[in-house]
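Okay, structure first, notes after.
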Amino acid sequence: MMMLKRWIIASGLAFSLLAQAAAAGPMEDAEAAYNRGDYETALQILKPLAELGNASAQQSLGAMYAKGQGVSQNYAEALKWFRKAADQGLATAQSNIGNVYAAGLGVPQDYAEALKWFYKSAGQGEPFAQTSIGSLYDNGFGVAQSFAEAVYWYWLAAEQGYPKAQGNLGVKYEFGQGVSRDFVTAHMWYDLAITGLPTSETKFRNYFLSRREQVSEHLTAHELAEAQRLAKEWTAGHSKK
C-alpha cells in the first residue's frame, strides 16, 4: 500500500507540457514539433516566447528542461521557468513546482513547500495537484495522516476523470480507509481508472488491474454486474459535461 502512494506522488515526473497553450499560432507549432519528437524546433519556438513572458511557453520550456528533451536535464532551470509561469497563475506550473519539492528534484525534499504549491494549483481545479494533496494526506507526508482528507482530494480529481485519483479511490473503498468498505464501488473506480490510463502507464495499469481482480473475488455475479453498470453510468454522465 505505501509503495503505491509513493508512486503516485512521483507520477508527475512526466511533467505536463504545453498546458493551457493557445489554440493557434506559435504555441500550436511548438506543440506539433514536440509531438513529432522535433524537440529542437519546439525549443526554438518556445524560448523567445518564454522570454517575452508567455506563461504557457514558460511552463513548457520548464517541462522540457525537467525531462531533458532537446536539452540537458536541469531541474534548476526547469524550476526557474515553472516559477515564472506560476507567478502568472498558471495552475500546471504551480503543480509542477509542487512536484519538484515533493520528489526532491534538484532541491531538498520539502513536503510543506510542495503542499503550498499544490494548494495553489488545486484551487484552480488542477487534478494532478488535487491527487497529490490526497497522496500527502494518505501517507502523512508534511501533514497529519488523514484518510478522510485523502478521499476528499481524490474525489475532486476523480470527478474530473483523472485516472490515478480514480484508482486511489478504489483503494480507499476496497480497504475501507476514510470511507465505508464497499467492494462494488471499489470495482467501479478501478474500472474507470484502468479505462482512462494510457497503455504507457504500465505500473499503474497493472496495479489497478490486480486490485480489481482481488475485489472481483468478493463480488457475486449480480454485484459485479452492478459495478460494471455504475462505471458505464458514470462515464455516460460525465461525457455530457
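Ordered as shown in the C-alpha cells, chains take letters A, B, and onward, while each chain numbers its residues from 1 and ligands are numbered from 1 in the order shown.
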Give me the residues within 10 Å of A:Ala50 as an mmCIF file with N, CA and C atoms, in the first residue's frame, counting only C-alpha atoms and dropping any in the same chain fewer than 2 places off.
data_model
loop_
_atom_site.group_PDB
_atom_site.id
_atom_site.type_symbol
_atom_site.label_atom_id
_atom_site.label_comp_id
_atom_site.auth_asym_id
_atom_site.auth_seq_id
_atom_site.Cartn_x
_atom_site.Cartn_y
_atom_site.Cartn_z
ATOM 1 N N LEU A 43 11.889 23.897 -29.010
ATOM 2 C CA LEU A 43 12.658 24.813 -28.159
ATOM 3 C C LEU A 43 12.892 26.153 -28.847
ATOM 4 N N ILE A 45 11.028 27.652 -30.856
ATOM 5 C CA ILE A 45 9.775 28.424 -30.809
ATOM 6 C C ILE A 45 9.483 28.881 -29.388
ATOM 7 N N LEU A 46 9.684 27.975 -28.431
ATOM 8 C CA LEU A 46 9.272 28.255 -27.059
ATOM 9 C C LEU A 46 10.140 29.300 -26.357
ATOM 10 N N LYS A 47 11.458 29.213 -26.546
ATOM 11 C CA LYS A 47 12.341 30.055 -25.740
ATOM 12 C C LYS A 47 12.075 31.543 -25.912
ATOM 13 N N PRO A 48 11.989 32.071 -27.156
ATOM 14 C CA PRO A 48 11.703 33.503 -27.272
ATOM 15 C C PRO A 48 10.340 33.887 -26.702
ATOM 16 N N LEU A 52 9.638 36.447 -23.514
ATOM 17 C CA LEU A 52 8.723 37.587 -23.645
ATOM 18 C C LEU A 52 7.603 37.540 -22.606
ATOM 19 N N GLY A 53 7.567 36.459 -21.807
ATOM 20 C CA GLY A 53 6.593 36.390 -20.713
ATOM 21 C C GLY A 53 5.383 35.533 -20.972
ATOM 22 N N ASN A 54 5.380 34.727 -22.029
ATOM 23 C CA ASN A 54 4.250 33.841 -22.307
ATOM 24 C C ASN A 54 4.265 32.705 -21.283
ATOM 25 N N ALA A 55 3.244 32.642 -20.449
ATOM 26 C CA ALA A 55 3.222 31.682 -19.341
ATOM 27 C C ALA A 55 3.200 30.233 -19.829
ATOM 28 N N SER A 56 2.424 29.965 -20.883
ATOM 29 C CA SER A 56 2.372 28.599 -21.397
ATOM 30 C C SER A 56 3.719 28.163 -21.946
ATOM 31 N N ALA A 57 4.414 29.086 -22.622
ATOM 32 C CA ALA A 57 5.740 28.774 -23.146
ATOM 33 C C ALA A 57 6.726 28.561 -22.002
ATOM 34 N N GLN A 58 6.615 29.357 -20.954
ATOM 35 C CA GLN A 58 7.495 29.198 -19.796
ATOM 36 C C GLN A 58 7.288 27.836 -19.148
ATOM 37 N N GLN A 59 6.037 27.462 -18.959
ATOM 38 C CA GLN A 59 5.710 26.155 -18.391
ATOM 39 C C GLN A 59 6.270 25.042 -19.267
ATOM 40 N N SER A 60 6.072 25.154 -20.568
ATOM 41 C CA SER A 60 6.511 24.106 -21.485
ATOM 42 C C SER A 60 8.029 24.006 -21.531
ATOM 43 N N LEU A 61 8.689 25.140 -21.514
ATOM 44 C CA LEU A 61 10.146 25.147 -21.505
ATOM 45 C C LEU A 61 10.668 24.479 -20.228
ATOM 46 N N GLY A 62 10.041 24.800 -19.103
ATOM 47 C CA GLY A 62 10.413 24.160 -17.846
ATOM 48 C C GLY A 62 10.244 22.657 -17.906
ATOM 49 N N TRP A 81 11.777 28.346 -14.795
ATOM 50 C CA TRP A 81 10.705 28.638 -15.753
ATOM 51 C C TRP A 81 9.334 28.308 -15.180
ATOM 52 N N LYS A 84 8.265 31.287 -13.142
ATOM 53 C CA LYS A 84 7.826 32.426 -13.950
ATOM 54 C C LYS A 84 6.370 32.235 -14.398
ATOM 55 N N ALA A 85 6.052 31.010 -14.807
ATOM 56 C CA ALA A 85 4.675 30.725 -15.224
ATOM 57 C C ALA A 85 3.727 30.700 -14.030
#
_Give me the residues near stretch 120-122 of chain A as a list of chain:residue names, where near means some atom within 8 Å (using only C-alpha atoms) and where sequence neighbours in that chain fewer than 2 positions away do not count._
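With the cut-off at 8 Å, the set is A:Leu90, A:Ala91, A:Thr92, A:Gln94, A:Ser95, A:Lys116, A:Trp117, A:Phe118, A:Gln124, A:Gly125, A:Glu126, A:Pro127, A:Phe128, A:Ala129, A:Gln130.
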_I need the residues in stretch 98-206 of chain A that are alpha helix (DSSP H) according to DSSP; give them as a ChimeraX atom specification._
/A:98-103,111-122,127-139,147-158,163-175,183-196,202-206
Got a sec: who's within 6 Å of stretch 64-73 of chain A, counting only C-alpha atoms, leaving out chain neighbours fewer than 5 positions off, as a PDB file with C-alpha atoms, in the first residue's frame?
ATOM      1  CA  TYR A  39      12.449  18.978 -29.679  1.00  0.00           C
ATOM      2  CA  GLU A  40      14.979  21.343 -31.253  1.00  0.00           C
ATOM      3  CA  ALA A  78      13.091  23.837 -15.008  1.00  0.00           C
TER       4      ALA A  78
END
*Considering only C-alpha atoms, return as a PyMOL selection string whatever protein or nucleic-acid residues lie within 7 Å of stretch 96-104 of chain A, sequence-local ones (same chain, fewer than 4 positions apart) excluded.*
chain A and resi 10+12+15+79+82+92+108-111+113-115+117-118
Could you save the residues just selected, with C-alpha atoms, as an mmCIF file, in the first residue's frame?
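Contents of selection-v7.cif, freshly written:
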data_model
loop_
_atom_site.group_PDB
_atom_site.id
_atom_site.type_symbol
_atom_site.label_atom_id
_atom_site.label_comp_id
_atom_site.auth_asym_id
_atom_site.auth_seq_id
_atom_site.Cartn_x
_atom_site.Cartn_y
_atom_site.Cartn_z
ATOM 1 C CA ALA A 10 6.300 10.687 -8.072
ATOM 2 C CA GLY A 12 4.348 13.880 -12.022
ATOM 3 C CA PHE A 15 5.865 16.911 -16.343
ATOM 4 C CA LEU A 79 12.156 25.324 -11.651
ATOM 5 C CA PHE A 82 7.971 26.955 -13.725
ATOM 6 C CA THR A 92 0.045 23.389 -14.238
ATOM 7 C CA PRO A 108 15.848 19.337 -0.756
ATOM 8 C CA GLN A 109 12.631 17.380 -0.389
ATOM 9 C CA ASP A 110 10.146 19.691 1.299
ATOM 10 C CA TYR A 111 6.561 18.498 1.689
ATOM 11 C CA GLU A 113 6.622 23.734 0.268
ATOM 12 C CA ALA A 114 5.139 21.135 -2.069
ATOM 13 C CA LEU A 115 1.786 21.373 -0.330
ATOM 14 C CA TRP A 117 2.125 24.948 -4.412
ATOM 15 C CA PHE A 118 -0.264 22.030 -4.765
#
_Residues near stretch 167-175 of chain A, cut-off 9 Å, only C-alpha atoms, skip fewer than 4 positions along chain, as a ChimeraX atom specification_ = /A:1,4-5,8,131,135,147,150-151,154-155,158,162-163,179-194,204,208,211-212,215
